[in-house]
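Before any comments, here is the structure.
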Amino acid sequence: EWEPGPALIPKRMVAGNVSWEDVKEEIPTSVRLTNGWTIYFFSFESEPPRGVFWHLAWLDEEHPRAKVWLSEVRARLMSVKGYLIWSATPESATATFYGLQSRANRPDMKDKVPYKQTKFFQIFSKDNPYLDLESREALEERLTEDDPDAAVAKIEGDWAFKKYLVYPEFDDNKHIIEPFDVDWKDTVYIVLDPSNTRAAIMFCVLVNPESPNF
């Protein structure tokens with residue numbers, strides 16, 4: 001059974017009345033705090049606001065229009081070097097959300113200044129001490145049997161769509177070499193398999209003793 005939890009923002013921190021989109025459904029528009037901050041609430045279905053700046057933005061879960069919002073939110077944070085948080089269960093992962101993990105894994109990311117960094121954190125239900133152990137194990141068992149894709153995302157914290165990829169381990173940061181000019185004085189090996197009924201397959205290797213690229 002659901003049990004109402006305490007308010008995340010204590011009433012003593014709220015200045016004046018809350019602006020509501022729908023009072024009955026308890027959907028707020030904005031909340032002004034006693035420290036002078038204002039929290040605004042938006043739907044992915046709405047158009048992102050323009051002409052304002054934010055210090056912090058938080059996107060919750062995934063949505064087909066997330067790419068539109070992400071681009072605009074970054075512009076809202078730019079002038080004050082603000083921060084963006086995006087929390088979601090990777091069950092129906094969009095390419096935009098998955099792309100942020102790939103960006104976070106780039107080798108050069110750790111050398112950037114904090115407001116230019118992208119960091120990826122995985123949080124698992126098994127590490128939550130406030131969840132009942134028996135209930136969590138029961139959910140894990142049901143999902144594994146009835147909906148394996150959901151189990152992968154909700155329990156293992158992995159991307160459900162990877163199940164349908166030919167090469168799920170593929171990573172841009174590991175398996176792609178940035179283009180570079182070839183010095184044809186170096187040794188080049190070409191292996192050609194013409195086949196009889198299909199298009200040819202060609203494999204090229206460049207060996208340069210003075211470069212780490214092959």
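Naming scheme: A, B, ... for chains in displayed order of the structure tokens; residues 1 onward per chain; ligands 1 onward as shown.
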
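Taking only C-alpha atoms, the non-local environment of Pro107 (chain A) within 12 Å (same-chain residues fewer than 6 positions away omitted) comprises A:Gln117, A:Thr118, A:Lys119, A:Asp172, A:Asn173, A:Lys174.
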
- Item | Residues of region 34-175 of chain A in helix (DSSP H, G or I), written as a ChimeraX atom specification | /A:66-78,95-104,109-111,114-116,125-127,133-146,148-154,160-164,172-175

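The interatomic distance for the pair CA of Phe180 (chain A) and CA of Val166 (chain A) works out to 27.7 Å.
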
- Would you list the contacts of Ala75 (chain A) as number ranges by chain, taking every protein, DNA or RNA residue within 12 Å and counting only C-alpha atoms, but skipping same-chain residues closer than 3 positions in sequence? A: 48-57, 68-72, 78-84

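Taking CA of Asn35 (chain A) and CA of Met13 (chain A) as the two end points, the separation is 7.7 Å.
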
- Query: If we count only C-alpha atoms, what is near Trp86 (chain A) at a cut-off of 10 Å, once residues fewer than 6 positions away on the same chain are taken out, given as a PyMOL selection string?
  - Reply: chain A and resi 57-62+70+97+100+120

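CA of Ala7 (chain A) is found 13.4 Å from CA of Pro28 (chain A).
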